[in-house]
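The data block below is run.cif; it holds mmCIF, C-alpha atoms.
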data_start
loop_
_atom_site.label_atom_id
_atom_site.label_comp_id
_atom_site.auth_asym_id
_atom_site.auth_seq_id
_atom_site.Cartn_x
_atom_site.Cartn_y
_atom_site.Cartn_z
CA MET N 1 -5.98 -46.77 11.67
CA SER N 2 -9.68 -47.61 11.58
CA GLN N 3 -12.33 -44.99 12.19
CA SER N 4 -13.53 -46.97 15.18
CA ALA N 5 -10.13 -46.91 16.76
CA SER N 6 -9.61 -43.24 16.18
CA ASN N 7 -12.90 -42.40 17.86
CA HIS N 8 -11.63 -43.89 21.07
CA GLU N 9 -8.33 -42.02 20.90
CA SER N 10 -9.83 -38.52 20.50
CA ARG N 11 -9.30 -35.73 22.97
CA THR N 12 -11.89 -34.70 25.52
CA SER N 13 -12.95 -31.10 26.11
CA LEU N 14 -14.70 -29.45 29.04
CA ALA N 15 -17.75 -29.14 26.78
CA ASP N 16 -17.73 -32.94 26.46
CA TYR N 17 -17.93 -33.26 30.24
CA ARG N 18 -20.87 -30.88 30.27
CA ALA N 19 -22.60 -32.78 27.45
CA ALA N 20 -22.15 -36.13 29.20
CA LEU N 21 -23.27 -35.03 32.65
CA THR N 22 -26.31 -33.12 31.40
CA THR N 23 -27.61 -35.96 29.25
CA ARG N 24 -31.24 -36.23 30.33
CA ALA N 25 -31.41 -40.02 30.50
CA ALA N 26 -28.21 -40.17 32.56
CA ARG N 27 -29.24 -37.86 35.40
CA ARG N 28 -31.09 -40.33 37.63
CA PRO N 29 -28.71 -43.29 37.22
CA ALA N 30 -25.67 -41.01 37.63
CA ALA N 31 -27.00 -39.61 40.91
CA ALA N 32 -27.93 -43.07 42.18
CA SER N 33 -24.52 -44.39 41.15
CA VAL N 34 -22.83 -41.75 43.32
CA LEU N 35 -24.88 -42.86 46.32
CA ALA N 36 -24.08 -46.53 45.69
CA ARG N 37 -20.34 -46.07 45.15
CA LEU N 38 -19.58 -43.38 47.75
CA PRO N 39 -19.21 -45.94 50.58
CA ILE N 40 -17.06 -48.45 48.64
CA ALA N 41 -13.79 -47.53 50.40
CA MET N 42 -15.65 -46.68 53.60
CA ILE N 43 -17.20 -50.16 53.97
CA GLY N 44 -13.92 -52.07 53.73
CA ILE N 45 -12.08 -49.92 56.28
CA SER N 46 -15.12 -49.73 58.57
CA ALA N 47 -15.37 -53.52 58.58
CA LEU N 48 -11.63 -53.85 59.28
CA LEU N 49 -11.77 -51.42 62.23
CA TYR N 50 -15.03 -52.90 63.55
CA VAL N 51 -13.72 -56.47 63.52
CA GLN N 52 -10.45 -55.39 65.13
CA ARG N 53 -12.32 -53.46 67.84
CA GLU N 54 -14.53 -56.45 68.70
CA THR N 55 -11.93 -59.22 68.42
CA GLY N 56 -8.84 -57.29 69.51
CA SER N 57 -6.93 -58.79 66.60
CA PHE N 58 -5.69 -57.16 63.42
CA ALA N 59 -4.87 -60.63 62.12
CA VAL N 60 -8.53 -61.68 62.27
CA ALA N 61 -9.62 -58.35 60.82
CA GLY N 62 -7.15 -58.79 57.96
CA LEU N 63 -8.48 -62.27 57.19
CA VAL N 64 -12.05 -60.96 57.05
CA SER N 65 -10.90 -58.15 54.75
CA ALA N 66 -9.11 -60.63 52.50
CA GLY N 67 -12.23 -62.79 52.37
CA SER N 68 -14.21 -59.77 51.25
CA LEU N 69 -11.70 -59.03 48.46
CA VAL N 70 -11.98 -62.60 47.22
CA GLY N 71 -15.76 -62.25 47.19
CA VAL N 72 -15.57 -58.99 45.23
CA SER N 73 -13.21 -60.60 42.69
CA VAL N 74 -15.66 -63.40 41.98
CA GLY N 75 -18.80 -61.28 42.24
CA ALA N 76 -17.55 -58.66 39.79
CA VAL N 77 -17.32 -61.16 36.94
CA VAL N 78 -20.44 -63.17 37.79
CA GLN N 79 -22.59 -60.08 38.19
CA GLY N 80 -21.11 -58.53 35.05
CA ARG N 81 -22.05 -61.56 32.99
CA LEU N 82 -25.58 -61.59 34.43
CA ILE N 83 -25.97 -57.86 33.74
CA ASP N 84 -24.87 -58.33 30.13
CA ARG N 85 -27.30 -61.20 29.64
CA PHE N 86 -30.39 -60.00 31.51
CA GLY N 87 -29.86 -56.25 31.89
CA PRO N 88 -28.88 -54.62 35.21
CA THR N 89 -32.24 -54.33 36.98
CA ARG N 90 -32.91 -57.89 38.11
CA PRO N 91 -29.29 -58.81 39.00
CA LEU N 92 -28.72 -55.60 40.97
CA LEU N 93 -31.98 -55.85 42.90
CA THR N 94 -31.23 -59.49 43.75
CA VAL N 95 -27.67 -58.90 44.98
CA SER N 96 -28.78 -55.82 46.92
CA LEU N 97 -31.19 -57.97 48.89
CA LEU N 98 -28.50 -60.61 49.38
CA LEU N 99 -26.09 -57.90 50.55
CA ALA N 100 -28.53 -56.78 53.23
CA LEU N 101 -28.92 -60.38 54.42
CA SER N 102 -25.20 -61.19 54.38
CA MET N 103 -24.28 -57.95 56.16
CA THR N 104 -26.90 -58.62 58.84
CA ALA N 105 -25.39 -62.06 59.33
CA LEU N 106 -21.85 -60.62 59.49
CA VAL N 107 -22.76 -57.99 62.09
CA THR N 108 -24.55 -60.63 64.16
CA ALA N 109 -21.52 -62.91 63.98
CA ILE N 110 -19.14 -60.12 64.97
CA GLU N 111 -21.29 -59.11 67.93
CA SER N 112 -21.56 -62.74 69.08
CA HIS N 113 -17.79 -63.27 68.71
CA ALA N 114 -18.21 -66.13 66.25
CA ALA N 115 -15.28 -68.27 65.12
CA THR N 116 -12.79 -66.69 62.73
CA ALA N 117 -13.74 -69.09 59.94
CA VAL N 118 -17.36 -67.95 60.19
CA LEU N 119 -16.36 -64.28 60.04
CA VAL N 120 -14.14 -64.88 57.00
CA ALA N 121 -16.90 -66.81 55.19
CA LEU N 122 -19.43 -64.05 55.88
CA GLY N 123 -16.88 -61.43 54.81
CA ALA N 124 -16.54 -63.27 51.50
CA ALA N 125 -20.34 -63.36 51.18
CA THR N 126 -20.59 -59.59 51.63
CA GLY N 127 -17.95 -59.05 48.95
CA LEU N 128 -19.69 -61.47 46.60
CA THR N 129 -23.00 -59.63 47.00
CA GLU N 130 -21.62 -56.10 46.71
CA PRO N 131 -23.75 -54.59 43.90
CA MET N 132 -21.52 -53.88 40.89
CA VAL N 133 -23.11 -50.53 40.16
CA GLY N 134 -19.76 -49.20 38.93
CA SER N 135 -19.55 -51.82 36.16
CA ALA N 136 -23.16 -51.26 35.14
CA SER N 137 -22.75 -47.47 35.24
CA ARG N 138 -19.69 -47.52 33.00
CA ALA N 139 -21.39 -49.88 30.56
CA LEU N 140 -24.54 -47.73 30.58
CA TRP N 141 -22.65 -44.76 29.12
CA THR N 142 -22.01 -46.78 25.96
CA ARG N 143 -25.78 -47.03 25.53
CA LEU N 144 -26.53 -43.41 26.36
CA LEU N 145 -23.81 -41.68 24.32
CA PRO N 146 -22.34 -42.27 20.85
CA PRO N 147 -18.58 -42.89 20.47
CA GLY N 148 -16.54 -39.74 20.78
CA GLY N 149 -15.58 -37.00 23.19
CA ALA N 150 -18.69 -37.02 25.38
CA ARG N 151 -18.46 -40.76 25.98
CA ASN N 152 -14.74 -40.47 26.77
CA ALA N 153 -15.57 -37.66 29.19
CA ALA N 154 -18.11 -39.92 30.87
CA PHE N 155 -15.43 -42.57 31.36
CA SER N 156 -13.08 -39.94 32.82
CA TYR N 157 -15.85 -38.81 35.15
CA GLU N 158 -16.29 -42.39 36.37
CA ALA N 159 -12.58 -42.74 37.14
CA ILE N 160 -12.31 -39.30 38.79
CA SER N 161 -15.39 -39.85 40.94
CA MET N 162 -13.99 -43.16 42.19
CA GLU N 163 -10.80 -41.40 43.26
CA VAL N 164 -12.87 -38.83 45.16
CA PHE N 165 -14.73 -41.67 46.91
CA PHE N 166 -11.43 -43.26 47.91
CA ILE N 167 -10.32 -39.93 49.37
CA LEU N 168 -13.52 -39.46 51.39
CA GLY N 169 -14.15 -43.09 52.38
CA PRO N 170 -11.21 -43.70 54.76
CA GLY N 171 -11.83 -40.39 56.54
CA LEU N 172 -15.51 -41.15 57.06
CA ALA N 173 -14.67 -44.63 58.31
CA GLY N 174 -12.14 -43.23 60.76
CA LEU N 175 -14.67 -40.77 62.17
CA LEU N 176 -17.54 -43.26 62.44
CA VAL N 177 -15.50 -45.94 64.19
CA MET N 178 -15.31 -43.50 67.11
CA ALA N 179 -19.12 -43.54 67.43
CA PRO N 180 -20.62 -45.22 70.51
CA TRP N 181 -21.07 -48.38 68.43
CA ALA N 182 -18.04 -49.36 66.31
CA GLY N 183 -20.24 -50.92 63.62
CA THR N 184 -21.92 -47.61 62.75
CA GLY N 185 -19.75 -46.94 59.70
CA LEU N 186 -20.25 -50.44 58.31
CA VAL N 187 -24.04 -50.36 58.63
CA LEU N 188 -24.33 -46.80 57.32
CA GLY N 189 -22.11 -47.62 54.34
CA VAL N 190 -24.15 -50.70 53.43
CA ALA N 191 -27.40 -48.74 53.80
CA LEU N 192 -26.11 -46.11 51.34
CA GLN N 193 -24.90 -48.78 48.93
CA PHE N 194 -28.19 -50.68 49.10
CA THR N 195 -30.26 -47.53 48.54
CA GLY N 196 -28.11 -46.31 45.67
CA ALA N 197 -28.08 -49.70 43.94
CA VAL N 198 -31.86 -50.03 44.13
CA LEU N 199 -32.43 -46.49 42.83
CA PHE N 200 -29.95 -47.10 40.02
CA ALA N 201 -31.57 -50.40 39.06
CA LEU N 202 -35.04 -48.85 38.95
CA SER N 203 -34.12 -45.71 36.98
CA PRO N 204 -35.80 -45.52 33.55
CA ALA N 205 -32.60 -45.66 31.49
CA VAL N 206 -31.41 -48.76 33.34
CA ARG N 207 -34.80 -50.49 33.13
CA ALA N 208 -34.79 -49.83 29.37
CA TRP N 209 -31.58 -51.89 29.14
CA GLY N 210 -33.16 -55.22 28.37
CA PRO N 211 -31.71 -58.72 27.90
CA SER N 212 -28.90 -59.04 25.39
CA THR N 213 -29.56 -60.54 21.97
CA ALA N 214 -25.86 -61.28 21.43
CA SER N 215 -24.57 -64.85 21.35
CA HIS N 216 -23.32 -66.20 24.69
CA GLY N 217 -21.69 -69.35 23.31
CA SER N 218 -18.13 -68.75 24.59
CA LEU N 219 -17.41 -69.82 28.15
CA LEU N 220 -14.59 -67.28 28.22
CA GLY N 221 -17.06 -64.46 27.72
CA ALA N 222 -15.22 -61.13 27.56
CA LEU N 223 -11.84 -62.87 27.87
CA ALA N 224 -12.39 -64.52 24.48
CA SER N 225 -10.85 -61.33 23.07
CA PRO N 226 -7.00 -61.28 23.10
CA GLY N 227 -7.13 -57.52 23.63
CA MET N 228 -9.30 -58.03 26.70
CA ARG N 229 -6.70 -60.39 28.15
CA THR N 230 -3.99 -57.78 27.53
CA LEU N 231 -6.14 -55.18 29.28
CA ALA N 232 -6.48 -57.55 32.24
CA VAL N 233 -2.67 -57.72 32.50
CA ALA N 234 -2.50 -53.91 32.49
CA ALA N 235 -5.15 -53.75 35.22
CA LEU N 236 -3.30 -56.41 37.23
CA GLY N 237 -0.09 -54.36 37.07
CA PHE N 238 -1.99 -51.25 38.13
CA GLY N 239 -3.32 -53.10 41.19
CA VAL N 240 0.08 -54.61 42.06
CA VAL N 241 1.79 -51.22 42.21
CA ILE N 242 -0.97 -49.69 44.32
CA GLY N 243 -0.97 -52.71 46.63
CA PHE N 244 2.76 -52.32 47.31
CA VAL N 245 2.39 -48.62 48.08
CA GLU N 246 -0.70 -49.04 50.31
CA VAL N 247 1.38 -51.18 52.67
CA ALA N 248 4.72 -49.39 52.38
CA VAL N 249 3.40 -45.86 53.05
CA PRO N 250 1.73 -46.67 56.41
CA ALA N 251 4.85 -48.69 57.28
CA ALA N 252 7.04 -45.67 56.59
CA ALA N 253 4.78 -43.53 58.77
CA THR N 254 4.93 -46.09 61.58
CA GLU N 255 8.72 -46.33 61.27
CA ALA N 256 8.88 -42.54 61.67
CA GLY N 257 6.73 -42.70 64.82
CA GLN N 258 3.72 -41.07 63.11
CA ALA N 259 1.48 -44.05 62.37
CA SER N 260 -1.67 -41.92 62.37
CA VAL N 261 -0.62 -39.96 59.25
CA GLY N 262 -0.28 -43.02 57.00
CA GLY N 263 -3.81 -42.63 55.66
CA LEU N 264 -3.32 -38.90 55.04
CA LEU N 265 -0.22 -39.63 52.99
CA LEU N 266 -2.18 -42.03 50.80
CA SER N 267 -4.83 -39.36 50.30
CA ALA N 268 -2.13 -37.08 48.86
CA TRP N 269 -1.69 -39.17 45.75
CA SER N 270 -5.43 -39.44 45.27
CA LEU N 271 -5.63 -35.64 45.22
CA SER N 272 -2.99 -35.35 42.50
CA SER N 273 -4.66 -38.21 40.64
CA VAL N 274 -7.96 -36.33 40.44
CA ALA N 275 -6.32 -33.06 39.37
CA PHE N 276 -4.09 -34.61 36.74
CA GLY N 277 -6.85 -36.96 35.57
CA VAL N 278 -8.96 -34.04 34.36
CA ALA N 279 -5.99 -32.39 32.63
CA TYR N 280 -4.88 -35.65 31.01
CA SER N 281 -8.35 -36.34 29.59
CA LEU N 282 -8.17 -33.05 27.69
CA ARG N 283 -5.03 -34.21 25.87
CA PRO N 284 -4.45 -37.98 26.28
CA TRP N 285 -1.12 -39.39 25.16
CA PRO N 286 -0.16 -41.63 23.43
CA ARG N 287 -3.10 -41.44 21.04
CA GLN N 288 -3.07 -45.18 20.30
CA LEU N 289 -4.54 -47.30 23.11
CA GLY N 290 -2.12 -50.12 22.37
CA LEU N 291 0.69 -47.79 23.38
CA ARG N 292 -1.21 -45.83 25.99
CA LEU N 293 -1.78 -48.81 28.31
CA PRO N 294 1.90 -49.83 28.69
CA MET N 295 3.16 -46.24 28.72
CA LEU N 296 0.83 -45.23 31.54
CA LEU N 297 1.62 -48.35 33.58
CA GLY N 298 5.36 -48.02 32.99
CA GLY N 299 5.26 -44.32 33.86
CA PHE N 300 3.33 -45.12 37.02
CA GLY N 301 5.95 -47.67 38.05
CA ALA N 302 8.79 -45.24 37.33
CA LEU N 303 7.18 -42.43 39.35
CA VAL N 304 6.59 -44.71 42.34
CA ALA N 305 10.37 -45.22 42.54
CA LEU N 306 10.56 -41.57 43.68
CA LEU N 307 8.97 -42.64 46.97
CA ALA N 308 12.15 -44.50 47.95
CA TRP N 309 14.18 -41.28 47.89
CA PRO N 310 12.83 -39.09 50.77
CA THR N 311 14.21 -39.48 54.26
CA SER N 312 11.33 -37.70 56.02
CA LEU N 313 7.54 -37.92 55.98
CA TRP N 314 7.34 -34.39 54.56
CA GLY N 315 9.50 -35.49 51.66
CA LEU N 316 7.40 -38.61 51.20
CA ALA N 317 4.23 -36.51 51.14
CA LEU N 318 5.74 -34.29 48.45
CA MET N 319 6.75 -37.28 46.32
CA MET N 320 3.28 -38.81 46.65
CA LEU N 321 1.93 -36.02 44.43
CA PRO N 322 3.81 -36.95 41.23
CA ALA N 323 3.58 -40.65 42.08
CA GLY N 324 -0.22 -40.52 42.03
CA ALA N 325 -0.60 -38.43 38.89
CA LEU N 326 -1.17 -41.40 36.57
CA ILE N 327 -3.76 -43.28 38.64
CA THR N 328 -6.91 -41.72 37.15
CA PRO N 329 -5.51 -41.66 33.58
CA GLN N 330 -5.00 -45.42 33.83
CA SER N 331 -8.53 -46.02 35.11
CA THR N 332 -9.88 -43.91 32.24
CA ALA N 333 -7.73 -45.74 29.70
CA HIS N 334 -9.03 -49.09 31.00
CA SER N 335 -12.63 -47.94 30.51
CA THR N 336 -11.88 -46.62 27.03
CA ALA N 337 -10.04 -49.80 26.04
CA ILE N 338 -12.99 -51.98 27.08
CA GLU N 339 -15.14 -50.29 24.47
CA VAL N 340 -12.60 -51.29 21.82
CA VAL N 341 -11.52 -54.81 22.84
CA ALA N 342 -14.56 -56.34 24.60
CA PRO N 343 -16.74 -58.65 22.46
CA ALA N 344 -20.27 -57.45 21.73
CA GLY N 345 -22.67 -57.80 24.63
CA THR N 346 -19.95 -58.26 27.30
CA ALA N 347 -19.32 -54.67 28.47
CA ALA N 348 -20.40 -55.15 32.09
CA GLU N 349 -18.54 -58.47 32.38
CA ALA N 350 -15.46 -56.82 30.87
CA PHE N 351 -15.57 -54.10 33.52
CA GLY N 352 -15.92 -56.91 36.06
CA TRP N 353 -12.76 -58.58 34.78
CA VAL N 354 -10.86 -55.29 35.05
CA LEU N 355 -12.04 -54.91 38.65
CA THR N 356 -11.09 -58.52 39.39
CA ALA N 357 -7.63 -58.04 37.89
CA VAL N 358 -7.07 -54.86 39.92
CA THR N 359 -8.30 -56.57 43.09
CA LEU N 360 -6.03 -59.59 42.59
CA GLY N 361 -3.14 -57.23 41.89
CA LEU N 362 -3.88 -55.34 45.10
CA ALA N 363 -3.88 -58.57 47.09
CA ALA N 364 -0.61 -59.73 45.51
CA GLY N 365 1.08 -56.37 45.94
CA GLN N 366 0.00 -56.01 49.55
CA SER N 367 1.12 -59.51 50.53
CA VAL N 368 4.56 -59.20 48.90
CA SER N 369 5.00 -55.63 50.13
CA GLY N 370 4.38 -56.73 53.70
CA TYR N 371 7.18 -59.27 53.42
CA VAL N 372 9.58 -56.78 51.81
CA VAL N 373 8.81 -54.07 54.38
CA GLU N 374 9.45 -56.47 57.25
CA HIS N 375 12.76 -57.70 55.86
CA ALA N 376 14.17 -54.71 53.97
CA GLY N 377 12.10 -51.65 54.88
CA PRO N 378 9.59 -49.40 53.11
CA GLY N 379 12.16 -48.00 50.66
CA ALA N 380 12.82 -51.45 49.25
CA ALA N 381 9.08 -52.01 48.88
CA PHE N 382 8.72 -48.81 46.85
CA LEU N 383 11.53 -49.93 44.54
CA ALA N 384 9.96 -53.39 44.23
CA ALA N 385 6.66 -51.76 43.28
CA SER N 386 8.45 -49.76 40.60
CA VAL N 387 10.14 -52.83 39.15
CA ALA N 388 6.88 -54.80 39.15
CA GLY N 389 5.06 -52.00 37.35
CA VAL N 390 7.74 -51.59 34.69
CA VAL N 391 8.03 -55.34 34.08
CA LEU N 392 4.28 -55.79 33.66
CA ALA N 393 4.21 -52.68 31.45
CA LEU N 394 6.79 -54.38 29.24
CA VAL N 395 4.53 -57.44 29.00
CA VAL N 396 1.62 -55.20 27.96
CA TRP N 397 3.85 -53.46 25.41
CA LEU N 398 4.79 -56.82 23.87
CA LEU N 399 1.06 -57.59 23.58
CA ARG N 400 0.12 -54.13 22.29
CA GLY N 401 -0.89 -55.48 18.88
CA THR N 402 -3.89 -57.25 20.45
CA VAL N 403 -5.42 -53.93 21.56
CA ARG N 404 -7.54 -53.38 18.47
CA PRO N 405 -11.26 -53.19 17.73
CA VAL N 406 -13.13 -56.48 17.65
CA PRO N 407 -15.91 -57.00 15.10
CA GLN N 408 -19.16 -55.61 16.51
CA PRO N 409 -22.74 -55.96 15.29
CA SER N 410 -24.77 -52.85 14.53
CA ALA N 411 -25.03 -50.58 17.57
CA ALA N 412 -28.03 -50.60 19.88
CA PRO N 413 -30.35 -47.58 19.61
CA SER N 414 -29.07 -44.61 21.61
CA LEU N 415 -31.03 -43.57 24.69
CA VAL N 416 -29.70 -40.01 24.73
CA ASN N 417 -33.12 -38.52 24.10
CA ALA N 418 -35.01 -41.10 26.11
#
Here is the file; what I need is its structure written in the form of structure tokens.
Amino acid sequence: MSQSASNHESRTSLADYRAALTTRAARRPAAASVLARLPIAMIGISALLYVQRETGSFAVAGLVSAGSLVGVSVGAVVQGRLIDRFGPTRPLLTVSLLLALSMTALVTAIESHAATAVLVALGAATGLTEPMVGSASRALWTRLLPPGGARNAAFSYEAISMEVFFILGPGLAGLLVMAPWAGTGLVLGVALQFTGAVLFALSPAVRAWGPSTASHGSLLGALASPGMRTLAVAALGFGVVIGFVEVAVPAAATEAGQASVGGLLLSAWSLSSVAFGVAYSLRPWPRQLGLRLPMLLGGFGALVALLAWPTSLWGLALMMLPAGALITPQSTAHSTAIEVVAPAGTAAEAFGWVLTAVTLGLAAGQSVSGYVVEHAGPGAAFLAASVAGVVLALVVWLLRGTVRPVPQPSAAPSLVNA
């Protein structure tokens, strides 16, 4: 095994977390990143509830939400490529301004009861202009920290913090939709995201990230690497399994006459994900990333099958804990793998492709799960999620040989002491 590969397979200690989070140059962008990413889950649910409240239709609200997901899928890759080429500051400031404009247009259209097609188009525009601070933040760690435990801890921190945001976001959205104006949560979320993105873009460490000197000749960009394509399949499978469960769990709650607890049940697996994510980062297994990606995805699929067993919501809540244990480890493994398989100068775009793959997997899983739930019940949807996860894990296992370091030019100067 090469030295490069082994660096990315090392364990992480609590001291590594402390070293990463106390890095002087990282303090301002890390704080701004929290502000920008906190409302990610909140915005989507707030928009869904706001549109439903104003139109009286979940169907319309769902179409607007789907439009936003499509926009995010495209925007993640486009913004990632621009960030790699020009540095994060100009792209993030530009899309932040466009986000404010598109969100203003969306709120105006909702309040004026515009046609569904207009709402969907504006929903897509808001997704397209969502500032990809998460991609830039993850890529920034590779510039601030050398390969090793501290950098791996930073990637774990990114994954764990996102899980925390997805725990808090739905609850905040649910509270704010009860405000006198139903659009309060949406506007507040966008204001936080705008402010955080601007502060992140203007922080010294981010401004020091200048235009890339790497070649940009390949139209495939990050996907020119076979290992990057394998990682995208792993991320797709991750999204598919989650998409199935995110529909089947609320359906099970509704079937039991307790529709209001569906969101709480989903929060249960996020809690176990955060707890186990920290423990797993201290002793990741398997050591080799080529094996880690399929093993984590396959294990995730197998654990989700447990959700088909309970006959009560209490039992389902209990099974959600082990089912969610491998969510954060997978997110961390994706971040770690990018550092190995992404071509030089494509880190932000590579993170964008992972986000796009997860988003497309979510959309596919949710759509198929809805059909299965309606025709065979939530239990069948859980089993279908398990099968999908295991099958895609097998595909990743067959491609495991592609998950290897790609030739890289000499590293950019570290900004640790900047």
Item to check | Residues returned when the PyMOL selection byres ((chain N and resi 318) around 12) runs on this file, as a ChimeraX atom specification | outcome: /N:265-269,271-272,306-307,309-317,319-324
Next on the checklist: Please enumerate the residues selected by the PyMOL selection byres ((chain N and resi 356) around 9) when evaluated against the supplied file, formatted as an MDAnalysis selection string.
Outcome noted: chainID N and resid 70 72:77 232 235:236 351:355 357:361
Item to check | Matched chain/residue IDs from the PyMOL selection byres ((chain N and resi 237) around 9), as a VMD selection string | outcome: chain N and resid 232 to 236 238 to 242 297 357 to 358 361 to 362 388 to 393
Shell around region 47-62 of chain N at 7 Å using all atoms listed in the file, local window under 3 positions removed, as a PDB file with C-alpha atoms, in the frame of the given file:
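result12.pdb was written with the following content:
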ATOM      1  CA  ILE N  43     -17.200 -50.160  53.970  1.00  0.00           C
ATOM      2  CA  GLY N  44     -13.920 -52.070  53.730  1.00  0.00           C
ATOM      3  CA  SER N  65     -10.900 -58.150  54.750  1.00  0.00           C
ATOM      4  CA  ALA N  66      -9.110 -60.630  52.500  1.00  0.00           C
ATOM      5  CA  ILE N 110     -19.140 -60.120  64.970  1.00  0.00           C
ATOM      6  CA  THR N 116     -12.790 -66.690  62.730  1.00  0.00           C
ATOM      7  CA  VAL N 177     -15.500 -45.940  64.190  1.00  0.00           C
ATOM      8  CA  ALA N 182     -18.040 -49.360  66.310  1.00  0.00           C
ATOM      9  CA  GLY N 183     -20.240 -50.920  63.620  1.00  0.00           C
ATOM     10  CA  LEU N 186     -20.250 -50.440  58.310  1.00  0.00           C
TER      11      LEU N 186
END
Item to check | Separation of CA of Glu111 (chain N) from CA of Pro180 (chain N) in Å | outcome: 14.1 Å
Checklist entry - Which of these, N:Ala302, N:Ala100, N:Ala20, N:Leu293, has the shortest distance to Pro146 (chain N) once you count only C-alpha atoms? => result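 Closest residue, counting only C-alpha atoms: N:Ala20.
Put simply, CA of Pro226 (chain N) is 5.7 Å away from CA of Thr402 (chain N).
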Item to check | Two-atom distance - CA of Phe244 (chain N), CA of Ala385 (chain N) (Å) | outcome: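 Separation between CA of Phe244 (chain N) and CA of Ala385 (chain N): 5.6 Å.
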Item to check | Selection near region 275-291 of chain N, 9 Å with all atoms listed in the file, sequence-local residues under 3 positions removed, as a PyMOL selection string | outcome: chain N and resi 5-6+8-14+152-153+156-157+159-160+270-272+294-296+324-330+332-333+336-337+396-397+399-404
Next on the checklist: So, with all atoms listed in the file as the atoms that count, which of N:Ala31, N:Ala19, N:Leu199, N:Ala251 lies closest to Ser96 (chain N)?
Outcome noted: N:Leu199
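Shortest separation to Leu398 (chain N) among N:Thr126, N:Val78, N:Gly71, N:Thr230 occurs at residue N:Thr230, atoms counted being only C-alpha atoms.
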Checklist entry - Which residue out of N:Ala154, N:Leu69, N:Val304, N:Met42 has the minimum interatomic distance to Leu175 (chain N) when all atoms listed in the file are used? => result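 Of N:Ala154, N:Leu69, N:Val304, N:Met42, the one nearest Leu175 (chain N) is N:Met42, counting all atoms listed in the file.
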Checklist entry - Please, which residues are within 9 Å of (-19.4, -59.0, 30.3) by the file's coordinates, counting all atoms listed in the file, and could they come as JSON, numbers by chain? => result {"N": [77, 78, 79, 80, 81, 82, 83, 84, 85, 221, 222, 223, 342, 343, 344, 345, 346, 347, 348, 349, 350, 351, 352, 353]}
Next on the checklist: Nearest residue to Leu93 (chain N) out of N:Ala248, N:Val120, N:Val34, N:Val198, using all atoms listed in the file?
Outcome noted: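 Counting all atoms listed in the file, the residue closest to Leu93 (chain N) is N:Val198.
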Next on the checklist: Counting all atoms listed in the file, find residues at most 10 Å from (-27.4, -40.0, 39.1) (file frame) and give them as a ChimeraX atom specification.
Outcome noted: /N:21,25-36,137,196,199-200,203
Next on the checklist: Counting only C-alpha atoms, which residue out of N:Val64, N:Ala105, N:Ala363, N:Leu394 sits closest to Gly243 (chain N)?
Outcome noted: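 So, comparing all the options, the nearest one is N:Ala363.
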Taking all atoms of region 392-396 of chain N that appear in the file, build a box with edges along x, y and z, extend it by 5 Å on every side, and state its centre and edge lengths in Å to one decimal, as JSON.
{"center_x": 4.2, "center_y": -55.1, "center_z": 30.8, "size_x": 15.2, "size_y": 14.8, "size_z": 15.7}
